[in-house]
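Raw work15.cif, mmCIF, C-alpha atoms:
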data_input
loop_
_atom_site.label_atom_id
_atom_site.label_comp_id
_atom_site.auth_asym_id
_atom_site.auth_seq_id
_atom_site.Cartn_x
_atom_site.Cartn_y
_atom_site.Cartn_z
CA MET A 1 8.73 -14.89 -4.34
CA SER A 2 8.75 -18.44 -5.67
CA ASN A 3 8.79 -19.07 -9.39
CA ILE A 4 5.40 -19.19 -11.10
CA SER A 5 4.57 -21.63 -13.88
CA SER A 6 1.74 -21.06 -16.34
CA PHE A 7 -0.49 -23.81 -17.73
CA SER A 8 -3.72 -24.00 -19.70
CA PRO A 9 -6.81 -22.59 -17.96
CA ILE A 10 -8.78 -25.07 -15.84
CA GLU A 11 -12.50 -25.31 -16.56
CA GLN A 12 -13.88 -27.82 -14.04
CA SER A 13 -15.25 -27.03 -10.58
CA MET A 14 -12.49 -26.19 -8.11
CA ARG A 15 -12.42 -25.86 -4.31
CA VAL A 16 -9.76 -23.80 -2.49
CA ILE A 17 -8.80 -23.20 1.14
CA GLY A 18 -7.72 -19.62 1.88
CA ILE A 19 -5.28 -18.81 4.72
CA GLU A 20 -4.83 -15.18 5.82
CA THR A 21 -2.16 -14.44 8.47
CA SER A 22 -0.62 -11.17 7.33
CA CYS A 23 -1.14 -9.18 10.54
CA ASP A 24 -3.40 -9.54 13.57
CA GLU A 25 -6.28 -11.65 12.27
CA THR A 26 -6.32 -15.34 11.41
CA GLY A 27 -8.73 -15.96 8.54
CA ILE A 28 -9.57 -19.37 7.09
CA ALA A 29 -12.15 -20.00 4.38
CA VAL A 30 -13.26 -22.63 1.88
CA TYR A 31 -14.45 -21.36 -1.48
CA ASP A 32 -15.91 -23.44 -4.32
CA SER A 33 -16.12 -22.17 -7.89
CA GLU A 34 -19.71 -23.43 -8.22
CA LEU A 35 -21.05 -23.40 -4.66
CA GLY A 36 -19.40 -20.13 -3.58
CA LEU A 37 -18.23 -19.42 -0.04
CA MET A 38 -18.74 -22.60 1.99
CA SER A 39 -16.99 -21.68 5.23
CA ASP A 40 -15.50 -18.44 6.54
CA LEU A 41 -13.79 -18.26 9.93
CA LEU A 42 -12.05 -15.28 11.48
CA TYR A 43 -10.17 -14.91 14.74
CA SER A 44 -9.21 -11.38 15.72
CA GLN A 45 -6.26 -10.58 17.97
CA ILE A 46 -7.57 -7.11 18.86
CA ASP A 47 -7.86 -7.91 22.57
CA LEU A 48 -4.32 -9.30 22.57
CA HIS A 49 -2.78 -6.12 21.15
CA ALA A 50 -5.14 -3.48 22.56
CA GLU A 51 -3.13 -2.89 25.73
CA TYR A 52 -0.07 -2.02 23.60
CA GLY A 53 -1.95 0.43 21.36
CA GLY A 54 -1.00 -1.48 18.21
CA VAL A 55 0.10 -4.81 16.83
CA VAL A 56 3.09 -6.57 18.46
CA PRO A 57 4.57 -8.72 15.66
CA GLU A 58 5.96 -11.51 17.84
CA LEU A 59 2.67 -11.94 19.70
CA ALA A 60 0.80 -11.94 16.39
CA SER A 61 2.99 -14.72 14.96
CA ARG A 62 2.63 -16.89 18.06
CA ASP A 63 -1.14 -16.54 18.01
CA HIS A 64 -1.32 -17.50 14.33
CA ILE A 65 0.67 -20.66 15.17
CA ARG A 66 -1.90 -21.59 17.81
CA LYS A 67 -4.99 -20.83 15.76
CA THR A 68 -4.35 -21.68 12.09
CA LEU A 69 -4.39 -25.50 12.03
CA PRO A 70 -7.43 -25.91 14.34
CA MET A 71 -9.29 -23.34 12.25
CA ILE A 72 -8.46 -25.22 9.04
CA ASP A 73 -9.91 -28.38 10.57
CA GLN A 74 -13.02 -26.45 11.61
CA ALA A 75 -13.43 -24.84 8.17
CA LEU A 76 -13.22 -28.24 6.46
CA LYS A 77 -15.82 -29.63 8.85
CA GLU A 78 -18.21 -26.68 8.46
CA SER A 79 -17.98 -26.81 4.67
CA GLY A 80 -18.51 -30.56 4.58
CA SER A 81 -15.19 -30.95 2.77
CA ALA A 82 -12.79 -33.86 2.95
CA ARG A 83 -9.13 -33.34 2.19
CA ALA A 84 -9.67 -35.05 -1.17
CA ASP A 85 -12.15 -32.31 -2.10
CA ILE A 86 -9.53 -29.56 -1.87
CA ASP A 87 -7.88 -28.61 -5.17
CA ALA A 88 -5.47 -25.95 -3.88
CA ILE A 89 -4.39 -24.03 -0.79
CA ALA A 90 -4.10 -20.26 -1.16
CA TYR A 91 -2.22 -18.21 1.39
CA THR A 92 -1.19 -14.60 1.90
CA ALA A 93 2.42 -14.29 0.69
CA GLY A 94 2.69 -10.55 1.34
CA PRO A 95 2.75 -7.75 2.15
CA GLY A 96 2.54 -7.95 5.92
CA LEU A 97 4.47 -8.85 9.06
CA VAL A 98 7.19 -11.28 8.05
CA GLY A 99 6.72 -13.65 10.99
CA ALA A 100 2.95 -13.75 10.57
CA LEU A 101 3.29 -14.34 6.83
CA LEU A 102 5.72 -17.19 7.41
CA VAL A 103 3.24 -18.98 9.65
CA GLY A 104 0.56 -19.06 6.97
CA ALA A 105 3.00 -19.82 4.15
CA SER A 106 4.67 -22.68 6.02
CA ILE A 107 1.37 -24.31 6.90
CA ALA A 108 -0.01 -23.86 3.37
CA LYS A 109 3.09 -25.26 1.70
CA SER A 110 3.27 -28.22 4.10
CA LEU A 111 -0.39 -29.14 3.66
CA ALA A 112 -0.14 -28.72 -0.11
CA PHE A 113 2.81 -31.11 -0.19
CA ALA A 114 1.05 -33.65 2.06
CA TRP A 115 -2.23 -33.46 0.12
CA ASN A 116 -0.54 -33.31 -3.31
CA VAL A 117 -2.28 -30.09 -4.36
CA PRO A 118 -0.89 -26.72 -5.49
CA ALA A 119 -0.06 -23.93 -3.06
CA ILE A 120 -0.82 -20.44 -4.37
CA GLY A 121 0.64 -17.29 -2.85
CA VAL A 122 -1.78 -14.36 -2.91
CA HIS A 123 -1.02 -10.65 -2.66
CA HIS A 124 -2.86 -9.35 0.41
CA MET A 125 -4.07 -6.17 -1.27
CA GLU A 126 -5.16 -8.02 -4.40
CA GLY A 127 -7.26 -10.12 -2.06
CA HIS A 128 -8.89 -6.94 -0.75
CA LEU A 129 -9.31 -5.66 -4.30
CA LEU A 130 -11.18 -8.83 -5.29
CA ALA A 131 -13.29 -9.02 -2.11
CA PRO A 132 -16.20 -7.09 -3.71
CA MET A 133 -16.39 -9.92 -6.26
CA LEU A 134 -17.76 -12.04 -3.39
CA GLY A 135 -20.85 -9.83 -3.34
CA ASP A 136 -23.92 -10.11 -5.53
CA GLU A 137 -22.68 -7.79 -8.27
CA LYS A 138 -19.24 -7.65 -9.88
CA PRO A 139 -17.68 -4.93 -12.05
CA ALA A 140 -16.26 -5.78 -15.45
CA TYR A 141 -12.66 -4.89 -16.28
CA PRO A 142 -11.32 -2.26 -16.63
CA PHE A 143 -12.22 -0.43 -13.44
CA LEU A 144 -10.70 1.78 -10.76
CA ALA A 145 -9.90 0.53 -7.27
CA LEU A 146 -9.44 2.46 -4.04
CA LEU A 147 -7.65 0.36 -1.43
CA VAL A 148 -7.84 1.85 2.05
CA SER A 149 -6.49 -0.03 5.06
CA GLY A 150 -4.19 0.30 8.03
CA GLY A 151 -1.11 0.03 5.85
CA HIS A 152 -2.22 1.18 2.41
CA THR A 153 -4.09 3.96 0.68
CA GLN A 154 -3.87 3.45 -3.08
CA LEU A 155 -5.75 4.31 -6.25
CA MET A 156 -5.31 1.67 -8.94
CA LEU A 157 -6.30 1.29 -12.57
CA CYS A 158 -7.25 -2.37 -12.98
CA ARG A 159 -7.13 -3.57 -16.60
CA ASP A 160 -7.43 -7.28 -15.81
CA LEU A 161 -6.62 -9.79 -13.08
CA GLY A 162 -3.00 -9.12 -12.14
CA ASP A 163 -2.69 -6.16 -14.54
CA TYR A 164 -2.70 -3.08 -12.31
CA GLN A 165 -1.39 0.45 -12.71
CA LEU A 166 -0.75 2.49 -9.59
CA LEU A 167 -2.25 5.95 -10.04
CA GLY A 168 -1.45 7.28 -6.58
CA GLU A 169 -0.80 6.28 -2.99
CA SER A 170 -0.14 7.74 0.43
CA VAL A 171 3.30 9.31 0.70
CA ASP A 172 3.25 8.93 4.51
CA ASP A 173 0.56 7.57 6.84
CA ALA A 174 -2.12 5.40 5.28
CA ALA A 175 -5.72 6.37 6.08
CA GLY A 176 -6.19 3.51 8.55
CA GLU A 177 -2.93 4.34 10.28
CA ALA A 178 -4.03 7.96 10.65
CA PHE A 179 -7.34 6.84 12.16
CA ASP A 180 -5.46 4.71 14.70
CA LYS A 181 -3.09 7.54 15.67
CA VAL A 182 -5.85 10.14 16.01
CA ALA A 183 -7.91 7.73 18.09
CA LYS A 184 -4.95 7.32 20.42
CA MET A 185 -4.69 11.12 20.77
CA LEU A 186 -8.36 11.21 21.72
CA GLY A 187 -7.95 8.42 24.24
CA LEU A 188 -10.13 6.02 22.27
CA GLY A 189 -7.82 3.02 22.12
CA TYR A 190 -7.16 0.52 19.33
CA PRO A 191 -8.36 -0.04 16.62
CA GLY A 192 -9.13 3.58 15.87
CA GLY A 193 -11.45 3.55 12.87
CA PRO A 194 -14.62 2.19 14.48
CA ALA A 195 -14.01 4.24 17.65
CA ILE A 196 -13.66 7.51 15.74
CA GLN A 197 -16.74 6.75 13.65
CA LYS A 198 -18.79 6.13 16.79
CA LEU A 199 -17.57 9.28 18.55
CA ALA A 200 -17.96 11.43 15.41
CA ALA A 201 -21.66 10.61 15.28
CA SER A 202 -22.24 13.10 18.12
CA GLY A 203 -19.90 15.78 16.76
CA ASN A 204 -20.84 19.31 15.68
CA PRO A 205 -20.12 19.67 11.93
CA GLU A 206 -20.04 23.48 12.15
CA ARG A 207 -17.27 23.82 14.72
CA PHE A 208 -14.09 22.78 12.87
CA ARG A 209 -12.96 22.47 9.29
CA PHE A 210 -9.74 20.53 8.82
CA PRO A 211 -7.56 20.74 5.68
CA ARG A 212 -7.88 18.37 2.71
CA PRO A 213 -4.19 17.56 2.17
CA MET A 214 -2.62 17.41 -1.30
CA THR A 215 -5.88 18.28 -3.06
CA ASP A 216 -4.55 21.64 -4.24
CA ARG A 217 -2.03 20.01 -6.59
CA PRO A 218 -2.39 17.63 -9.54
CA GLY A 219 -2.06 13.88 -9.23
CA PHE A 220 -3.55 11.11 -7.14
CA ASP A 221 -1.17 10.82 -4.18
CA PHE A 222 -2.46 11.06 -0.61
CA SER A 223 -0.93 12.42 2.59
CA PHE A 224 -2.49 12.09 6.03
CA SER A 225 0.47 12.87 8.28
CA GLY A 226 -0.13 16.63 8.19
CA LEU A 227 -3.83 16.13 8.88
CA LYS A 228 -2.88 14.05 11.90
CA THR A 229 -0.63 16.87 13.13
CA PHE A 230 -3.38 19.44 12.53
CA THR A 231 -5.71 17.29 14.62
CA MET A 232 -3.17 17.07 17.44
CA ASN A 233 -2.63 20.84 17.46
CA THR A 234 -6.38 21.46 17.52
CA LEU A 235 -6.74 19.17 20.52
CA LYS A 236 -3.81 20.78 22.35
CA ALA A 237 -5.32 24.25 21.85
CA ILE A 238 -8.31 23.27 23.98
CA GLU A 239 -7.75 23.42 27.72
CA ALA A 240 -9.08 20.31 29.45
CA PRO A 241 -11.02 19.00 26.41
CA GLU A 242 -14.31 17.36 27.23
CA MET A 243 -15.98 14.51 25.35
CA GLN A 244 -17.96 16.92 23.15
CA ASP A 245 -14.72 18.63 22.11
CA LYS A 246 -13.29 15.25 21.17
CA ALA A 247 -16.44 14.35 19.25
CA ASP A 248 -16.21 17.60 17.27
CA ILE A 249 -12.55 16.91 16.46
CA ALA A 250 -13.27 13.29 15.52
CA LEU A 251 -15.98 14.42 13.12
CA ALA A 252 -13.79 17.09 11.54
CA PHE A 253 -10.96 14.60 11.06
CA GLN A 254 -13.19 11.89 9.62
CA THR A 255 -14.88 14.36 7.27
CA ALA A 256 -11.52 15.63 6.04
CA VAL A 257 -10.30 12.09 5.27
CA ALA A 258 -13.52 11.21 3.45
CA ASP A 259 -13.53 14.43 1.44
CA THR A 260 -9.86 14.04 0.49
CA ILE A 261 -10.59 10.55 -0.80
CA ARG A 262 -13.63 11.85 -2.70
CA ILE A 263 -11.60 14.55 -4.44
CA LYS A 264 -8.97 12.06 -5.59
CA CYS A 265 -11.57 9.56 -6.82
CA LYS A 266 -13.44 12.31 -8.71
CA ARG A 267 -10.16 13.23 -10.37
CA ALA A 268 -9.61 9.58 -11.33
CA PHE A 269 -13.08 9.37 -12.90
CA GLU A 270 -12.40 12.51 -14.92
CA GLN A 271 -8.92 11.60 -16.11
CA THR A 272 -9.50 7.92 -16.95
CA GLY A 273 -13.06 8.12 -18.23
CA LEU A 274 -13.91 5.01 -16.21
CA ARG A 275 -17.12 4.87 -14.20
CA SER A 276 -16.66 1.77 -12.06
CA LEU A 277 -14.83 1.95 -8.73
CA ILE A 278 -14.07 -0.81 -6.25
CA VAL A 279 -13.53 0.41 -2.67
CA ALA A 280 -11.96 -2.19 -0.39
CA GLY A 281 -9.81 -2.64 2.71
CA GLY A 282 -10.68 -2.19 6.37
CA VAL A 283 -11.34 1.55 6.11
CA SER A 284 -13.94 0.91 3.37
CA ALA A 285 -16.36 -0.02 6.16
CA ASN A 286 -16.40 3.60 7.37
CA THR A 287 -19.91 4.97 6.89
CA GLU A 288 -18.83 8.57 6.20
CA ILE A 289 -16.41 7.49 3.48
CA ARG A 290 -19.13 5.34 1.91
CA ARG A 291 -21.69 8.14 2.09
CA THR A 292 -19.30 10.65 0.53
CA LEU A 293 -18.30 8.30 -2.29
CA ASP A 294 -21.91 7.29 -2.95
CA GLU A 295 -22.79 10.97 -3.42
CA LEU A 296 -19.85 11.33 -5.81
CA ALA A 297 -21.01 8.28 -7.78
CA ALA A 298 -24.52 9.69 -8.10
CA ARG A 299 -23.20 13.00 -9.44
CA SER A 300 -20.67 11.34 -11.74
CA ARG A 301 -23.00 8.63 -13.07
CA ALA A 302 -20.57 6.09 -11.72
CA ARG A 303 -20.94 2.80 -9.89
CA ILE A 304 -19.16 1.86 -6.68
CA TYR A 305 -18.66 -1.71 -5.50
CA TYR A 306 -17.95 -2.50 -1.85
CA PRO A 307 -17.19 -5.84 -0.20
CA PRO A 308 -19.81 -7.24 2.16
CA LEU A 309 -19.17 -5.52 5.49
CA LYS A 310 -17.81 -8.68 7.13
CA LEU A 311 -15.21 -8.94 4.35
CA CYS A 312 -13.85 -5.39 4.61
CA THR A 313 -11.24 -6.35 7.18
CA ASP A 314 -8.67 -9.10 6.66
CA ASN A 315 -10.29 -12.48 5.98
CA GLY A 316 -9.64 -15.87 4.46
CA ALA A 317 -12.49 -15.64 1.96
CA MET A 318 -10.76 -13.01 -0.16
CA ILE A 319 -7.55 -15.08 -0.17
CA ALA A 320 -9.42 -18.24 -1.20
CA TYR A 321 -11.23 -16.36 -3.97
CA ALA A 322 -8.06 -14.69 -5.26
CA GLY A 323 -6.27 -18.03 -5.19
CA LEU A 324 -9.09 -19.64 -7.15
CA GLN A 325 -8.78 -17.01 -9.87
CA GLN A 326 -5.11 -17.87 -10.26
CA LEU A 327 -5.76 -21.60 -10.14
CA GLN A 328 -8.41 -21.39 -12.86
CA ARG A 329 -5.91 -19.57 -15.05
CA GLY A 330 -3.44 -22.39 -14.53
CA TYR A 331 -0.90 -20.78 -12.18
CA GLN A 332 1.03 -22.75 -9.60
CA GLU A 333 4.15 -22.24 -7.48
CA ASP A 334 7.36 -24.09 -6.92
CA SER A 335 8.01 -25.45 -3.45
CA PRO A 336 10.26 -22.92 -1.61
CA ILE A 337 8.65 -21.01 1.26
CA ILE A 338 9.18 -17.37 0.37
CA VAL A 339 7.15 -14.39 1.61
CA ARG A 340 7.37 -10.72 0.69
CA PRO A 341 6.73 -8.29 3.59
CA ARG A 342 6.97 -5.45 1.06
CA TRP A 343 5.37 -6.21 -2.28
CA PRO A 344 4.00 -3.54 -4.63
CA MET A 345 0.95 -4.76 -6.56
CA THR A 346 2.57 -3.53 -9.76
CA GLU A 347 5.16 -6.29 -9.31
CA LEU A 348 2.63 -9.11 -9.35
CA GLY A 349 3.94 -12.02 -11.37
CA SER A 350 7.58 -11.04 -10.88
#

If you convert what's in this file into structure tokens, what do you get?
Amino acid sequence: MSNISSFSPIEQSMRVIGIETSCDETGIAVYDSELGLMSDLLYSQIDLHAEYGGVVPELASRDHIRKTLPMIDQALKESGSARADIDAIAYTAGPGLVGALLVGASIAKSLAFAWNVPAIGVHHMEGHLLAPMLGDEKPAYPFLALLVSGGHTQLMLCRDLGDYQLLGESVDDAAGEAFDKVAKMLGLGYPGGPAIQKLAASGNPERFRFPRPMTDRPGFDFSFSGLKTFTMNTLKAIEAPEMQDKADIALAFQTAVADTIRIKCKRAFEQTGLRSLIVAGGVSANTEIRRTLDELAARSRARIYYPPLKLCTDNGAMIAYAGLQQLQRGYQEDSPIIVRPRWPMTELGS
């Protein structure tokens, strides 16, 4: 990534545009350090990719090109902001689809140069991690963070902004990826998470019990590939499965994912002694995962912080907020346009 320069912290009110183009959603937002979230726009490409059963990178990049600049103009108008009111432009620098990332980075860098303001590259998952800070209540550092999305399932120890220790992550499919693949098996289409949650609501909880992978060994790593295979084999064992069969399987799968996550988070509470947990990323909107973790928090005398539901999926607000945190600490970038499709959070600042 581009070189980062450090300056003295900035105290005055600051206003930042956030640009999110890491995958299949174009998110643009304007965030002010005193007034809060002033505008938040999101365009989803779900309909564009649904017929392919997943995201097509080239189509995603082309759609970001069409949507980003008009959405920036609309966000400025809705927030009542002139270009002179903007103090920085934050953009998602990684991880994500390289073409999609380059669209947002190129636009951000170009506008920053034209408007004579800093451009700030934001780590996509750090944006998710900070999204709960846009709610009414915010945890104090240090805290734990569970990041669950289509591409990531990670448990982090967060000591301070940018100071993160990876405790464990998925060694194969992320939770969101597993939801998508199981939904495809069940003929539910894309994206899978909301479809499975809806179907599971009519499932019989007594019929199946699926395994909780990697919970019989120490550590915090996750694995959902085997659970996906177990789900497929269960479905294949049923001749001509009907919708109730699929609902029962969807419920068993969803319950197994939620319980696996609960076991790992309980272990993190016990081994770190911390009692604050942020849960963020698209999968954090799942009601069964929230219910299971809320029960764990009640038993463990812990506190869980979620993003507002509309900010669970990719969005520009989390990028604007994360960029503001860096701006207020005095960080800026040099001019080269560099993105990082693969970018561990533990390498932030490098």

Report task. Please provide as a ChimeraX atom specification all residues within 8 Å of Val257 (chain A), with the sequence filter that same-chain residues fewer than 5 positions apart are discarded (counting all atoms listed in the file). Result -> /A:175,212,224,289

Restricting the output to C-alpha atoms, write the selected residues as a PDB file, in the coordinates of the input.
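Result went into out_36.pdb, see below:
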ATOM      1  CA  ALA A 175      -5.720   6.370   6.080  1.00  0.00           C
ATOM      2  CA  ARG A 212      -7.880  18.370   2.710  1.00  0.00           C
ATOM      3  CA  PHE A 224      -2.490  12.090   6.030  1.00  0.00           C
ATOM      4  CA  ILE A 289     -16.410   7.490   3.480  1.00  0.00           C
TER       5      ILE A 289
END

Query raised in the report: If you measure from CA of Leu35 (chain A) to CA of Leu277 (chain A), what distance in Å do you get, rounded to one decimal?
Result: 26.4 Å

All residues 9 Å or closer to Leu97 (chain A), all atoms listed in the file, same chain fewer than 4 positions away omitted, as a compact mmCIF listing (two decimals) with C-alpha atoms, keeping the file's coordinate frame:
# COMPACT_ATOMS: atom_id res chain seq x y z
CA THR A 21 -2.16 -14.44 8.47
CA SER A 22 -0.62 -11.17 7.33
CA CYS A 23 -1.14 -9.18 10.54
CA PRO A 57 4.57 -8.72 15.66
CA ALA A 60 0.80 -11.94 16.39
CA SER A 61 2.99 -14.72 14.96
CA LEU A 101 3.29 -14.34 6.83
CA LEU A 102 5.72 -17.19 7.41
CA PRO A 341 6.73 -8.29 3.59

Report task. Could you expand the PyMOL selection byres ((chain A and resi 290) around 12) into the explicit residues it covers here, written as a ChimeraX atom specification? Result -> /A:146,148,254-255,257-259,261-262,277-280,283-289,291-297,304-307,309

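In this comparison, which uses all atoms listed in the file, the residue of A:Leu157, A:Leu324, A:Ala252, A:Leu186 approaching Thr272 (chain A) most closely is A:Leu157.
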
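Among the candidates A:Lys228, A:Lys246, A:Lys109, A:Lys236, the residue lying nearest to Arg207 (chain A) is A:Lys246 (atoms considered: only C-alpha atoms).
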
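Compared by their closest atoms to Lys198 (chain A), and using only C-alpha atoms, the residues A:Ala88, A:Ala108, A:Ala247, A:Val171 rank with A:Ala247 nearest.
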
Requested in this report: List every protein, DNA or RNA residue that has an atom no more than 7 Å from (1.3, -21.4, 2.5) in the file's coordinate frame, counting all atoms listed in the file, and report them as a ChimeraX atom specification.
Outcome: /A:90-91,104-109,119,121

Dump C-alpha atoms for the selected residues as a CSV table (one decimal), keeping the file's coordinate frame?
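Resulting contents of out_12.csv:
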chain,number,residue,atom,x,y,z
A,90,ALA,CA,-4.1,-20.3,-1.2
A,91,TYR,CA,-2.2,-18.2,1.4
A,104,GLY,CA,0.6,-19.1,7.0
A,105,ALA,CA,3.0,-19.8,4.2
A,106,SER,CA,4.7,-22.7,6.0
A,107,ILE,CA,1.4,-24.3,6.9
A,108,ALA,CA,0.0,-23.9,3.4
A,109,LYS,CA,3.1,-25.3,1.7
A,119,ALA,CA,-0.1,-23.9,-3.1
A,121,GLY,CA,0.6,-17.3,-2.8

Extract region 116-142 of chain A from the coordinates I pasted, and write it as a compact mmCIF listing (two decimals), in the first residue's frame (atoms kept: N, CA and C atoms).
# COMPACT_ATOMS: atom_id res chain seq x y z
N ASN A 116 -7.79 19.06 -3.29
CA ASN A 116 -6.69 19.38 -2.38
C ASN A 116 -6.98 18.95 -0.94
N VAL A 117 -7.44 17.70 -0.81
CA VAL A 117 -7.68 17.12 0.51
C VAL A 117 -6.99 15.75 0.56
N PRO A 118 -6.78 15.20 1.74
CA PRO A 118 -6.14 13.89 1.83
C PRO A 118 -7.05 12.77 1.34
N ALA A 119 -6.44 11.74 0.80
CA ALA A 119 -7.13 10.46 0.53
C ALA A 119 -6.64 9.46 1.57
N ILE A 120 -7.56 8.67 2.11
CA ILE A 120 -7.20 7.74 3.19
C ILE A 120 -7.71 6.35 2.84
N GLY A 121 -6.80 5.42 2.65
CA GLY A 121 -7.17 4.04 2.37
C GLY A 121 -7.58 3.32 3.64
N VAL A 122 -8.71 2.66 3.60
CA VAL A 122 -9.27 1.98 4.77
C VAL A 122 -9.29 0.48 4.53
N HIS A 123 -8.96 -0.28 5.54
CA HIS A 123 -9.09 -1.74 5.50
C HIS A 123 -10.57 -2.10 5.61
N HIS A 124 -11.06 -2.88 4.66
CA HIS A 124 -12.49 -3.20 4.62
C HIS A 124 -12.99 -3.83 5.92
N MET A 125 -12.22 -4.76 6.47
CA MET A 125 -12.68 -5.43 7.69
C MET A 125 -12.54 -4.53 8.91
N GLU A 126 -11.58 -3.61 8.90
CA GLU A 126 -11.53 -2.64 10.00
C GLU A 126 -12.76 -1.74 9.94
N GLY A 127 -13.22 -1.45 8.72
CA GLY A 127 -14.46 -0.70 8.59
C GLY A 127 -15.61 -1.44 9.25
N HIS A 128 -15.73 -2.74 8.97
CA HIS A 128 -16.78 -3.54 9.62
C HIS A 128 -16.59 -3.54 11.14
N LEU A 129 -15.35 -3.70 11.59
CA LEU A 129 -15.08 -3.74 13.01
C LEU A 129 -15.54 -2.47 13.71
N LEU A 130 -15.38 -1.33 13.04
CA LEU A 130 -15.74 -0.05 13.63
C LEU A 130 -17.21 0.32 13.41
N ALA A 131 -17.93 -0.42 12.58
CA ALA A 131 -19.32 -0.09 12.28
C ALA A 131 -20.20 0.00 13.53
N PRO A 132 -20.01 -0.87 14.56
CA PRO A 132 -20.83 -0.70 15.76
C PRO A 132 -20.62 0.64 16.46
N MET A 133 -19.49 1.30 16.20
CA MET A 133 -19.25 2.61 16.80
C MET A 133 -20.22 3.66 16.25
N LEU A 134 -20.91 3.34 15.15
CA LEU A 134 -21.90 4.24 14.59
C LEU A 134 -23.25 4.11 15.29
N GLY A 135 -23.35 3.17 16.22
CA GLY A 135 -24.56 3.01 17.01
C GLY A 135 -24.56 3.94 18.21
N ASP A 136 -25.52 3.75 19.08
CA ASP A 136 -25.68 4.64 20.23
C ASP A 136 -24.63 4.39 21.32
N GLU A 137 -24.17 3.15 21.44
CA GLU A 137 -23.21 2.82 22.49
C GLU A 137 -21.96 2.22 21.87
N LYS A 138 -20.80 2.58 22.46
CA LYS A 138 -19.52 2.16 21.90
C LYS A 138 -18.70 1.50 23.00
N PRO A 139 -18.03 0.38 22.69
CA PRO A 139 -17.16 -0.25 23.70
C PRO A 139 -15.86 0.51 23.83
N ALA A 140 -15.26 0.41 24.99
CA ALA A 140 -13.93 0.99 25.21
C ALA A 140 -12.89 -0.08 24.94
N TYR A 141 -11.73 0.33 24.40
CA TYR A 141 -10.63 -0.60 24.22
C TYR A 141 -10.08 -1.00 25.57
N PRO A 142 -9.58 -2.24 25.69
CA PRO A 142 -9.54 -3.32 24.71
C PRO A 142 -10.86 -4.09 24.68
